[in-house]
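**Student:** Pasting coords04.txt here (compact mmCIF, C-alpha atoms and all ligand atoms):
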```
# COMPACT_ATOMS: atom_id res chain seq x y z
CA MET L 111 15.65 -46.30 -16.41
CA SER L 112 13.86 -47.59 -19.50
CA ARG L 113 10.25 -48.66 -19.29
CA PHE L 114 11.51 -52.22 -19.84
CA PHE L 115 13.80 -52.45 -16.80
CA SER L 116 12.65 -55.25 -14.51
CA GLU L 117 10.87 -54.07 -11.42
CA LYS L 118 13.02 -56.38 -9.32
CA TYR L 119 16.03 -54.12 -10.04
CA GLY L 120 14.10 -50.85 -9.85
CA SER L 121 15.67 -49.73 -6.58
CA LEU L 122 19.12 -51.27 -7.14
CA VAL L 123 21.95 -48.84 -6.37
CA PRO L 124 25.02 -50.14 -8.24
CA TYR L 125 28.49 -50.30 -6.73
CA THR L 126 30.57 -47.19 -7.44
CA PRO L 127 34.03 -48.23 -8.64
CA GLY L 128 37.01 -45.94 -7.97
CA GLU L 129 37.63 -43.30 -10.63
CA GLN L 130 39.61 -44.38 -13.70
CA PRO L 131 40.09 -40.91 -15.22
CA LYS L 132 41.51 -40.28 -18.68
CA ASP L 133 41.62 -36.45 -18.53
CA GLN L 134 45.20 -36.28 -17.26
CA LYS L 135 47.92 -38.48 -15.82
CA TYR L 136 47.47 -38.86 -12.08
CA VAL L 137 49.52 -40.47 -9.37
CA LYS L 138 46.84 -43.09 -8.97
CA LEU L 139 46.40 -44.19 -5.37
CA ASN L 140 42.64 -44.79 -5.38
CA THR L 141 41.88 -48.39 -6.39
CA ASN L 142 44.49 -50.51 -4.59
CA GLU L 143 46.22 -51.64 -7.76
CA SER L 144 49.82 -52.82 -7.63
CA PRO L 145 52.57 -50.32 -8.51
CA PHE L 146 54.46 -53.18 -10.21
CA PRO L 147 53.78 -54.71 -13.65
CA PRO L 148 52.60 -58.33 -13.85
CA SER L 149 55.47 -60.83 -13.73
CA LEU L 150 57.32 -61.33 -17.00
CA LYS L 151 56.23 -64.99 -17.05
CA ALA L 152 52.58 -63.91 -16.73
CA ARG L 153 52.94 -61.43 -19.57
CA ARG L 154 54.77 -63.88 -21.86
CA LEU L 155 52.22 -66.67 -21.37
CA ALA L 156 49.28 -64.26 -21.82
CA LYS L 157 50.74 -62.89 -25.07
CA ALA L 158 51.33 -66.38 -26.46
CA GLU L 159 47.71 -67.24 -25.72
CA ALA L 160 46.47 -64.36 -27.90
CA ASP L 161 47.06 -66.55 -30.97
CA LYS L 162 44.46 -69.03 -29.68
CA LEU L 163 41.67 -66.56 -28.93
CA LYS L 164 39.41 -67.97 -31.63
CA LEU L 165 38.84 -70.94 -29.31
CA TYR L 166 36.82 -70.86 -26.10
CA SER L 167 38.73 -71.00 -22.86
CA ASP L 168 38.84 -74.21 -20.79
CA PRO L 169 35.69 -74.13 -18.61
CA GLU L 170 37.42 -76.39 -16.10
CA CYS L 171 40.45 -74.08 -15.83
CA ARG L 172 42.57 -77.24 -15.63
CA ASP L 173 46.10 -75.86 -16.01
CA LEU L 174 45.49 -72.95 -13.67
CA THR L 175 43.69 -75.06 -11.07
CA ALA L 176 46.53 -77.62 -11.12
CA ALA L 177 49.09 -74.83 -10.65
CA ALA L 178 47.09 -73.31 -7.78
CA ALA L 179 46.54 -76.68 -6.11
CA GLU L 180 50.27 -77.30 -6.16
CA TYR L 181 51.07 -73.81 -4.92
CA LEU L 182 48.54 -74.00 -2.07
CA GLY L 183 49.22 -77.68 -1.29
CA ILE L 184 45.53 -78.62 -1.52
CA PRO L 185 43.49 -80.91 -3.83
CA LYS L 186 42.16 -79.44 -7.10
CA ASP L 187 38.51 -80.06 -6.20
CA ARG L 188 38.77 -77.46 -3.42
CA ILE L 189 39.41 -74.57 -5.82
CA ILE L 190 37.25 -72.53 -8.19
CA PHE L 191 38.52 -69.75 -10.46
CA ASN L 192 36.39 -66.79 -11.45
CA ASN L 193 36.38 -63.48 -13.29
CA GLY L 194 37.79 -61.49 -10.37
CA SER L 195 36.92 -62.17 -6.75
CA ASP L 196 33.87 -59.94 -7.28
CA GLU L 197 32.37 -62.72 -9.38
CA THR L 198 33.24 -65.36 -6.77
CA LEU L 199 31.51 -63.18 -4.17
CA ASN L 200 28.42 -62.79 -6.33
CA PHE L 201 28.30 -66.55 -6.90
CA ALA L 202 28.59 -67.06 -3.12
CA PHE L 203 25.59 -64.76 -2.58
CA MET L 204 23.67 -66.69 -5.26
CA ALA L 205 24.64 -70.09 -3.88
CA PHE L 206 24.58 -69.61 -0.11
CA CYS L 207 22.14 -66.80 0.68
CA ASP L 208 18.36 -66.57 0.49
CA LYS L 209 15.51 -65.56 2.74
CA ASP L 210 16.24 -68.51 5.06
CA HIS L 211 19.98 -67.75 4.97
CA PRO L 212 20.22 -63.96 5.13
CA ALA L 213 23.63 -62.32 4.96
CA VAL L 214 25.44 -60.51 7.76
CA PHE L 215 28.53 -58.31 7.49
CA PRO L 216 30.04 -55.26 9.19
CA ASP L 217 28.51 -51.85 8.51
CA ILE L 218 31.91 -50.67 7.31
CA THR L 219 33.36 -53.10 4.78
CA TYR L 220 33.64 -53.72 1.06
CA GLY L 221 30.83 -51.71 -0.55
CA PHE L 222 29.93 -54.50 -2.97
CA TYR L 223 28.42 -56.80 -0.30
CA PRO L 224 25.15 -54.87 0.08
CA VAL L 225 24.96 -54.49 -3.72
CA PHE L 226 25.27 -58.26 -4.27
CA ALA L 227 22.67 -58.81 -1.55
CA GLU L 228 20.23 -56.39 -3.23
CA LEU L 229 20.96 -57.81 -6.69
CA ASN L 230 20.13 -61.32 -5.49
CA GLY L 231 17.15 -60.30 -3.36
CA VAL L 232 18.95 -61.47 -0.21
CA PRO L 233 17.93 -59.94 3.12
CA TYR L 234 20.94 -58.69 5.05
CA GLU L 235 21.98 -57.19 8.33
CA THR L 236 24.98 -54.99 9.05
CA VAL L 237 26.81 -55.02 12.38
CA PRO L 238 28.55 -51.81 13.47
CA LEU L 239 32.31 -51.92 13.82
CA ARG L 240 33.65 -50.77 17.18
CA GLU L 241 34.59 -47.10 17.65
CA ASP L 242 38.19 -47.97 16.72
CA PHE L 243 37.01 -49.65 13.48
CA THR L 244 37.81 -53.18 14.69
CA VAL L 245 35.38 -56.08 14.23
CA ASN L 246 33.77 -57.28 17.46
CA VAL L 247 34.08 -61.03 16.89
CA ASP L 248 31.36 -61.81 19.46
CA ASP L 249 28.84 -60.09 17.15
CA PHE L 250 29.43 -62.84 14.58
CA LEU L 251 29.23 -65.89 16.86
CA ASN L 252 26.17 -68.18 16.45
CA VAL L 253 24.47 -65.68 14.16
CA GLY L 254 22.53 -68.23 12.07
CA LYS L 255 23.21 -66.21 8.90
CA THR L 256 25.70 -66.36 6.05
CA VAL L 257 28.66 -64.36 7.33
CA LEU L 258 30.82 -62.22 5.04
CA LEU L 259 34.03 -60.75 6.38
CA ALA L 260 36.84 -59.06 4.49
CA ASN L 261 40.08 -59.93 6.27
CA PRO L 262 41.98 -57.58 6.20
CA ASN L 263 38.89 -55.39 6.15
CA ALA L 264 38.34 -52.61 3.65
CA PRO L 265 38.62 -49.66 3.71
CA THR L 266 40.25 -49.88 7.16
CA GLY L 267 43.05 -52.37 6.41
CA ILE L 268 42.62 -53.86 9.89
CA ALA L 269 43.05 -57.67 10.09
CA LEU L 270 41.63 -60.24 12.49
CA PRO L 271 43.97 -63.03 13.65
CA LEU L 272 43.25 -66.53 12.34
CA SER L 273 42.20 -67.73 15.81
CA GLU L 274 39.34 -65.18 15.78
CA ILE L 275 38.26 -66.19 12.28
CA GLU L 276 38.21 -69.82 13.47
CA ARG L 277 35.94 -68.91 16.41
CA ILE L 278 33.44 -67.40 13.95
CA VAL L 279 33.59 -70.37 11.58
CA ALA L 280 33.30 -72.95 14.39
CA SER L 281 30.34 -71.21 16.00
CA ASN L 282 28.28 -71.12 12.78
CA PRO L 283 28.42 -74.77 11.64
CA ASP L 284 25.09 -74.57 9.80
CA ASN L 285 25.94 -71.45 7.81
CA VAL L 286 28.60 -70.60 5.28
CA VAL L 287 31.25 -68.14 6.44
CA VAL L 288 32.90 -66.28 3.56
CA ILE L 289 36.31 -64.79 4.27
CA ASP L 290 37.32 -62.32 1.57
CA GLU L 291 41.13 -62.23 1.56
CA ALA L 292 41.70 -59.75 -1.27
CA TYR L 293 44.49 -58.09 0.76
CA VAL L 294 45.82 -61.00 2.82
CA ASP L 295 49.24 -61.13 1.13
CA PHE L 296 50.25 -57.79 2.66
CA GLY L 297 50.47 -58.97 6.25
CA GLY L 298 47.30 -60.93 7.05
CA GLU L 299 46.93 -64.62 7.96
CA SER L 300 45.06 -66.74 5.43
CA ALA L 301 42.23 -68.99 6.55
CA ILE L 302 42.83 -71.40 3.64
CA PRO L 303 44.34 -74.09 5.95
CA LEU L 304 41.06 -74.05 7.95
CA THR L 305 39.07 -75.11 4.87
CA GLU L 306 40.35 -78.68 5.46
CA LYS L 307 38.75 -78.68 8.91
CA TYR L 308 35.47 -76.80 8.34
CA ASP L 309 32.98 -77.61 5.60
CA ASN L 310 31.23 -74.24 6.05
CA LEU L 311 34.24 -72.03 5.25
CA LEU L 312 34.78 -70.38 1.86
CA VAL L 313 37.96 -68.32 1.42
CA ILE L 314 38.16 -65.93 -1.52
CA GLN L 315 41.37 -64.45 -2.92
CA THR L 316 42.33 -62.38 -5.95
CA PHE L 317 45.22 -61.92 -8.38
CA SER L 318 44.29 -58.22 -8.67
CA LYS L 319 46.46 -56.81 -5.90
CA SER L 320 49.52 -58.83 -4.84
CA ARG L 321 49.91 -60.40 -8.30
CA SER L 322 49.43 -57.18 -10.30
CA LEU L 323 46.63 -58.58 -12.48
CA ALA L 324 43.68 -56.26 -11.69
CA GLY L 325 42.97 -55.72 -15.39
CA ALA L 326 43.04 -59.45 -16.17
CA ARG L 327 40.18 -60.14 -13.72
CA LEU L 328 41.16 -63.29 -11.87
CA GLY L 329 39.95 -64.45 -8.47
CA PHE L 330 39.42 -67.79 -6.79
CA GLY L 331 37.58 -69.49 -3.99
CA VAL L 332 38.82 -72.29 -1.71
CA GLY L 333 36.50 -74.51 0.29
CA CYS L 334 35.38 -78.09 0.80
CA PRO L 335 34.58 -79.94 -2.47
CA ALA L 336 30.80 -79.71 -1.90
CA LEU L 337 30.91 -75.91 -1.56
CA ILE L 338 33.04 -75.67 -4.69
CA ARG L 339 30.60 -77.92 -6.57
CA ASP L 340 27.73 -75.59 -5.57
CA LEU L 341 29.65 -72.58 -6.84
CA ASN L 342 30.33 -74.46 -10.07
CA THR L 343 26.62 -75.19 -10.45
CA VAL L 344 26.01 -71.44 -10.36
CA ARG L 345 29.00 -70.75 -12.63
CA TYR L 346 27.93 -73.28 -15.28
CA SER L 347 24.44 -71.76 -15.10
CA THR L 348 25.81 -68.27 -15.68
CA ASN L 349 28.98 -68.27 -17.78
CA PRO L 350 31.16 -71.41 -17.95
CA TYR L 351 33.84 -69.52 -19.91
CA ASN L 352 34.08 -66.82 -17.25
CA VAL L 353 37.91 -66.84 -17.17
CA ASN L 354 39.34 -65.96 -20.56
CA ARG L 355 42.34 -67.67 -22.16
CA MET L 356 44.83 -64.84 -21.71
CA THR L 357 43.91 -64.38 -18.07
CA MET L 358 44.20 -68.10 -17.36
CA ALA L 359 47.68 -68.14 -18.92
CA ALA L 360 48.67 -65.00 -16.98
CA GLY L 361 47.53 -66.71 -13.79
CA VAL L 362 49.70 -69.76 -14.46
CA GLY L 363 52.67 -67.46 -15.15
CA ALA L 364 52.07 -65.43 -12.00
CA LEU L 365 51.96 -68.55 -9.82
CA ALA L 366 55.22 -69.76 -11.38
CA ASP L 367 56.95 -66.52 -10.34
CA GLN L 368 56.82 -66.86 -6.57
CA GLU L 369 60.02 -64.89 -6.03
CA TYR L 370 58.66 -61.83 -7.85
CA PHE L 371 55.38 -62.03 -5.90
CA GLU L 372 57.15 -62.22 -2.54
CA LYS L 373 59.55 -59.40 -3.38
CA ASN L 374 56.69 -57.10 -4.42
CA CYS L 375 54.61 -57.85 -1.30
CA LYS L 376 57.64 -57.09 0.89
CA THR L 377 58.29 -53.82 -0.96
CA VAL L 378 54.67 -52.71 -0.52
CA MET L 379 54.84 -53.47 3.22
CA LYS L 380 58.11 -51.54 3.55
CA THR L 381 56.72 -48.58 1.62
CA ARG L 382 53.57 -48.73 3.76
CA ALA L 383 55.64 -48.50 6.96
CA TRP L 384 57.55 -45.51 5.53
CA THR L 385 54.33 -43.74 4.46
CA VAL L 386 52.60 -44.34 7.80
CA ASN L 387 55.59 -42.93 9.63
CA GLU L 388 55.71 -39.81 7.43
CA LEU L 389 51.96 -39.21 7.78
CA LYS L 390 52.11 -39.59 11.55
CA LYS L 391 54.93 -37.02 11.66
CA LEU L 392 52.54 -34.66 9.85
CA GLY L 393 49.83 -35.16 12.49
CA PHE L 394 47.72 -37.79 10.69
CA THR L 395 46.00 -40.70 12.38
CA VAL L 396 46.57 -43.94 10.46
CA LEU L 397 44.75 -47.17 11.21
CA ASP L 398 46.89 -50.29 11.60
CA SER L 399 46.94 -51.66 8.06
CA CYS L 400 47.70 -55.20 6.88
CA ALA L 401 46.69 -54.25 3.32
CA ASN L 402 48.18 -52.43 0.32
CA PHE L 403 46.38 -49.26 1.41
CA ILE L 404 46.02 -47.13 4.50
CA PHE L 405 43.04 -45.37 6.01
CA THR L 406 44.03 -42.03 7.37
CA SER L 407 42.67 -38.75 8.71
CA ASP L 408 43.95 -35.45 10.01
CA PRO L 409 41.97 -33.51 12.65
CA ASP L 410 42.94 -30.26 10.88
CA TYR L 411 42.19 -31.37 7.34
CA PRO L 412 38.69 -32.69 6.52
CA GLY L 413 38.84 -35.83 4.37
CA ALA L 414 36.83 -34.38 1.47
CA GLU L 415 39.07 -31.30 1.30
CA LEU L 416 42.27 -33.33 1.31
CA TYR L 417 40.83 -35.57 -1.41
CA ARG L 418 39.93 -32.51 -3.53
CA ASP L 419 43.26 -30.72 -2.97
CA LEU L 420 45.26 -33.84 -3.78
CA LYS L 421 43.25 -34.35 -6.98
CA GLU L 422 43.94 -30.74 -8.01
CA ASN L 423 47.60 -31.55 -7.50
CA GLY L 424 47.46 -34.66 -9.69
CA ILE L 425 47.08 -37.30 -6.95
CA LEU L 426 44.01 -39.51 -6.76
CA VAL L 427 43.00 -41.14 -3.48
CA ARG L 428 39.64 -42.62 -2.44
CA HIS L 429 37.20 -40.70 -0.29
CA PHE L 430 33.97 -42.17 1.11
CA THR L 431 31.14 -39.91 2.25
CA ALA L 432 29.47 -42.20 4.85
CA PRO L 433 29.38 -40.37 8.21
CA ARG L 434 32.10 -42.33 10.06
CA LEU L 435 34.30 -42.54 6.98
CA ASP L 436 34.04 -38.91 5.91
CA PRO L 437 37.04 -37.60 7.91
CA TYR L 438 39.26 -40.25 6.28
CA ASN L 439 40.85 -41.06 2.95
CA ARG L 440 41.91 -44.47 1.73
CA ILE L 441 45.31 -44.25 0.10
CA THR L 442 46.80 -47.09 -1.95
CA ILE L 443 50.46 -47.87 -1.34
CA GLY L 444 52.13 -47.08 -4.65
CA SER L 445 55.81 -47.05 -5.52
CA ARG L 446 58.26 -45.36 -3.16
CA ASP L 447 58.52 -42.44 -5.63
CA GLU L 448 54.74 -42.04 -5.76
CA MET L 449 54.50 -42.04 -1.97
CA LYS L 450 57.25 -39.43 -1.78
CA ILE L 451 55.23 -37.22 -4.15
CA LEU L 452 52.17 -37.79 -1.94
CA ILE L 453 53.98 -36.82 1.26
CA ASP L 454 55.68 -33.78 -0.33
CA THR L 455 52.32 -32.62 -1.71
CA ILE L 456 50.58 -33.03 1.65
CA LYS L 457 53.41 -31.07 3.32
CA LYS L 458 52.95 -28.28 0.77
CA LEU L 459 49.16 -28.27 1.15
CA LYS L 460 49.36 -28.17 4.94
CA GLU L 461 51.84 -25.29 4.72
CA GLU L 462 49.45 -23.35 2.45
CA ARG L 463 46.55 -23.86 4.91
CA LYS L 464 48.45 -22.31 7.84
N1 LIG L 501 37.16 -57.80 -2.02
C1 LIG L 501 37.62 -56.64 -1.53
C2 LIG L 501 37.63 -56.43 -0.05
C3 LIG L 501 38.09 -55.64 -2.40
O1 LIG L 501 38.51 -54.47 -1.93
C4 LIG L 501 38.10 -55.89 -3.79
C5 LIG L 501 38.67 -54.87 -4.75
N2 LIG L 501 37.85 -53.85 -5.11
C6 LIG L 501 37.57 -57.09 -4.24
C7 LIG L 501 37.14 -58.04 -3.34
C8 LIG L 501 37.44 -57.39 -5.70
O2 LIG L 501 38.62 -57.72 -6.28
P1 LIG L 501 38.70 -58.33 -7.75
O3 LIG L 501 39.52 -57.37 -8.53
O4 LIG L 501 39.35 -59.66 -7.59
O5 LIG L 501 37.29 -58.47 -8.28
```
What does this structure look like when you write it as structure tokens?
**Tutor:**
Amino acid sequence: MSRFFSEKYGSLVPYTPGEQPKDQKYVKLNTNESPFPPSLKARRLAKAEADKLKLYSDPECRDLTAAAAEYLGIPKDRIIFNNGSDETLNFAFMAFCDKDHPAVFPDITYGFYPVFAELNGVPYETVPLREDFTVNVDDFLNVGKTVLLANPNAPTGIALPLSEIERIVASNPDNVVVIDEAYVDFGGESAIPLTEKYDNLLVIQTFSKSRSLAGARLGFGVGCPALIRDLNTVRYSTNPYNVNRMTMAAGVGALADQEYFEKNCKTVMKTRAWTVNELKKLGFTVLDSCANFIFTSDPDYPGAELYRDLKENGILVRHFTAPRLDPYNRITIGSRDEMKILIDTIKKLKEERK
């Protein structure tokens, strides 16, 4: 820390992103990226936009917002685009949390929530997940705080049904409920339709996973027009050109290629079912995942050791050291070939440990 660093950030512990190593080529199953390239339409439109990079991007994101409104069947003033859903989340903390509206979220969830809370000086409370890693919905009823829930949750992959999300939203009419649907396209139920009924619901989605655009950084929020206006107040006070031209064009292309999107989501779900089955045959416990990753442990193979051994064998997965998470690894669903390499490697490693 320099002697100039503001005291208000003195104790800030930044989010730790998954490794992006350059030392060798890994089978990379650690950051929930898509195994498929972006759609051809997305790539073509993004490339064409490169010629116009001397000009600022459209701060109103008009083309992309119109395409999304049509795709989702909702009015344009209910949508805001941002530089990844991380930015939408940060803007939500800035806009809807303060000392009178502290944040509440599960103790096991996306690791960025406490970081955004700290960054913005927002008091927060965490609620323990049940022993089986499910959310106890009753813990989030009438809480009088800004609620943040990832649905499906991370790193568990477990999803709550829409009816349970609605109970939480309905019981907290005077607080914003943020539902982070980064992984919803892999088997979850989106709460976007509920945003027409509840003015306190903000749903956040991303193009990073199901639309193969993690490197483009594109996320969006859906809510009632007043919530979206508040987020825009924060956005225009931070960085109105937060979505760059090439990303905006890629987003339009991705939305125009619905068939490709659906095919890829189906393939990931099929590969997930295959991988879960293979891991179970090998004695692993696998939580019920509605995401493009699984959370898995083996009573005979400590999580940190499996992580290390897989890395030595050229496979990267994500290991978290928090006490309840330590036995587990979070493994992204890659291509069928990548998952075959994973399973064959685990078989070999387990054989060697005998
Ligand atoms: N929410 C959750 C639950 C996530 O796991 C991630 C991915 N790390 C994000 C949001 C952020 O995604 P994006 O790439 O859109 O910023």
**Student:** Which chains and residue numbers are within 6 Å of ligand LIG 501 (chain L), counting all atoms listed in the file, if I want them as a PyMOL selection string?
**Tutor:** chain L and resi 194-196+220+260+264+290+292+316+318+324+327-329
**Student:** Neighbouring residues of stretch 297-300 of chain L were defined as those with any atom within 9 Å, considering all atoms listed in the file; residues of the same chain fewer than 4 positions away were excluded. Please report them as a ChimeraX atom specification.
**Tutor:** /L:261-262,268-272,291,293,304,313,375,379,399-401
**Student:** Go ahead and save the picked residues with C-alpha atoms, as a PDB file, keeping the file's coordinate frame.
**Tutor:**
```pdb
ATOM      1  CA  ASN L 261      40.080 -59.930   6.270  1.00  0.00           C
ATOM      2  CA  PRO L 262      41.980 -57.580   6.200  1.00  0.00           C
ATOM      3  CA  ILE L 268      42.620 -53.860   9.890  1.00  0.00           C
ATOM      4  CA  ALA L 269      43.050 -57.670  10.090  1.00  0.00           C
ATOM      5  CA  LEU L 270      41.630 -60.240  12.490  1.00  0.00           C
ATOM      6  CA  PRO L 271      43.970 -63.030  13.650  1.00  0.00           C
ATOM      7  CA  LEU L 272      43.250 -66.530  12.340  1.00  0.00           C
ATOM      8  CA  GLU L 291      41.130 -62.230   1.560  1.00  0.00           C
ATOM      9  CA  TYR L 293      44.490 -58.090   0.760  1.00  0.00           C
ATOM     10  CA  LEU L 304      41.060 -74.050   7.950  1.00  0.00           C
ATOM     11  CA  VAL L 313      37.960 -68.320   1.420  1.00  0.00           C
ATOM     12  CA  CYS L 375      54.610 -57.850  -1.300  1.00  0.00           C
ATOM     13  CA  MET L 379      54.840 -53.470   3.220  1.00  0.00           C
ATOM     14  CA  SER L 399      46.940 -51.660   8.060  1.00  0.00           C
ATOM     15  CA  CYS L 400      47.700 -55.200   6.880  1.00  0.00           C
ATOM     16  CA  ALA L 401      46.690 -54.250   3.320  1.00  0.00           C
TER      17      ALA L 401
END
```
**Student:** I need the residue nearest L:Asn352 from this list: L:Ile278, L:Ile451, L:Val396, L:Ala326. Use only C-alpha atoms for the distance.
**Tutor:** L:Ala326
**Student:** Can you tell me which residues surround stretch 206-217 of chain L at a distance of at most 7 Å, considering only C-alpha atoms, apart from same-chain residues fewer than 5 positions away, and format the answer as number ranges by chain?
**Tutor:** L: 232-239, 255-259, 286
**Student:** Using all atoms listed in the file, pick whichever of L:Ala156, L:Asn200, L:Gly183, L:Ala227 has the shortest atom-to-atom distance to L:Val123.
**Tutor:**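 Once distances to L:Val123 are computed over all atoms listed in the file, the minimum belongs to L:Ala227.
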**Student:** Between atom CA of L:Gly333 and atom CA of L:Val279, what distance in Å does the model show, to one decimal?
**Tutor:**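 Those two atoms sit 12.4 Å apart.
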**Student:** Have a look at atom CA of L:Ser144 and atom CA of L:Ser320 and let me know their distance in Å, one decimal.
**Tutor:**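 Answer for the atom CA of L:Ser144 to atom CA of L:Ser320 separation: 6.6 Å.
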**Student:** Return the single residue from L:Ala280, L:Ile190, L:Ile289, L:Val386 that is closest to L:Gly331, with distances computed using all atoms listed in the file.
**Tutor:**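 Going through L:Ala280, L:Ile190, L:Ile289, L:Val386 one by one, the smallest distance to L:Gly331 is for L:Ile190.
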**Student:** For atom CA of L:Ala336 and atom CA of L:Asp168, quote the distance in Å rounded to one decimal.
**Tutor:**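 Atom CA of L:Ala336 sits 21.3 Å away from atom CA of L:Asp168.
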**Student:** Could you pull out every residue with an atom within 12 Å of (38.7, -38.4, -14.2), file coordinates, counting all atoms listed in the file, and send them as a list in words?
**Tutor:**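 The distance filter leaves exactly Gly128, Glu129, Gln130, Pro131, Lys132, Asp133, Gln134, Lys135, Tyr136, Lys138, Asn140, Lys421, Glu422, Gly424, Ile425, Leu426 and Val427 of chain L.
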**Student:** Got time to write the residues from that selection, C-alpha atoms, as an mmCIF file, in the frame of the given file?
**Tutor:**
```
data_model
loop_
_atom_site.group_PDB
_atom_site.id
_atom_site.type_symbol
_atom_site.label_atom_id
_atom_site.label_comp_id
_atom_site.auth_asym_id
_atom_site.auth_seq_id
_atom_site.Cartn_x
_atom_site.Cartn_y
_atom_site.Cartn_z
ATOM 1 C CA GLY L 128 37.010 -45.940 -7.970
ATOM 2 C CA GLU L 129 37.630 -43.300 -10.630
ATOM 3 C CA GLN L 130 39.610 -44.380 -13.700
ATOM 4 C CA PRO L 131 40.090 -40.910 -15.220
ATOM 5 C CA LYS L 132 41.510 -40.280 -18.680
ATOM 6 C CA ASP L 133 41.620 -36.450 -18.530
ATOM 7 C CA GLN L 134 45.200 -36.280 -17.260
ATOM 8 C CA LYS L 135 47.920 -38.480 -15.820
ATOM 9 C CA TYR L 136 47.470 -38.860 -12.080
ATOM 10 C CA LYS L 138 46.840 -43.090 -8.970
ATOM 11 C CA ASN L 140 42.640 -44.790 -5.380
ATOM 12 C CA LYS L 421 43.250 -34.350 -6.980
ATOM 13 C CA GLU L 422 43.940 -30.740 -8.010
ATOM 14 C CA GLY L 424 47.460 -34.660 -9.690
ATOM 15 C CA ILE L 425 47.080 -37.300 -6.950
ATOM 16 C CA LEU L 426 44.010 -39.510 -6.760
ATOM 17 C CA VAL L 427 43.000 -41.140 -3.480
#
```
**Student:** Just checking: using all atoms listed in the file, which residue out of L:Ser322, L:Asn402, L:Lys460, L:Leu397 ends up closest to L:Leu416?
**Tutor:**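 Ranked by minimum distance to L:Leu416, first place goes to L:Lys460.
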**Student:** Taking (42.5, -48.4, -0.6) as a centre in this file's frame and 7 Å as the limit, can you find every polymer residue with an atom that close, using all atoms listed in the file, and give them as a list in words?
**Tutor:**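 So the residues meeting the distance criterion are Asn140, Thr141, Asn142, Pro265, Phe403, Ile404, Arg428, Arg440, Ile441 and Thr442 of chain L.
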**Student:** Export stretch 117-134 of chain L of the preceding structure, keeping C-alpha atoms, as an mmCIF file, in the first residue's frame.
**Tutor:**
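File written: selection-v4.cif
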```cif
data_model
loop_
_atom_site.group_PDB
_atom_site.id
_atom_site.type_symbol
_atom_site.label_atom_id
_atom_site.label_comp_id
_atom_site.auth_asym_id
_atom_site.auth_seq_id
_atom_site.Cartn_x
_atom_site.Cartn_y
_atom_site.Cartn_z
ATOM 1 C CA GLU L 117 -7.838 5.140 4.517
ATOM 2 C CA LYS L 118 -11.368 4.153 3.530
ATOM 3 C CA TYR L 119 -9.910 1.291 1.444
ATOM 4 C CA GLY L 120 -7.134 0.407 3.884
ATOM 5 C CA SER L 121 -8.690 -2.889 4.968
ATOM 6 C CA LEU L 122 -10.283 -3.801 1.620
ATOM 7 C CA VAL L 123 -9.581 -7.400 0.599
ATOM 8 C CA PRO L 124 -10.092 -7.569 -3.182
ATOM 9 C CA TYR L 125 -11.946 -10.370 -4.933
ATOM 10 C CA THR L 126 -9.646 -13.177 -6.089
ATOM 11 C CA PRO L 127 -10.464 -14.085 -9.699
ATOM 12 C CA GLY L 128 -9.845 -17.643 -10.916
ATOM 13 C CA GLU L 129 -6.356 -18.286 -12.272
ATOM 14 C CA GLN L 130 -5.706 -17.305 -15.899
ATOM 15 C CA PRO L 131 -2.270 -18.938 -16.242
ATOM 16 C CA LYS L 132 0.029 -18.451 -19.220
ATOM 17 C CA ASP L 133 2.781 -20.912 -18.181
ATOM 18 C CA GLN L 134 1.299 -23.862 -20.070
#
```
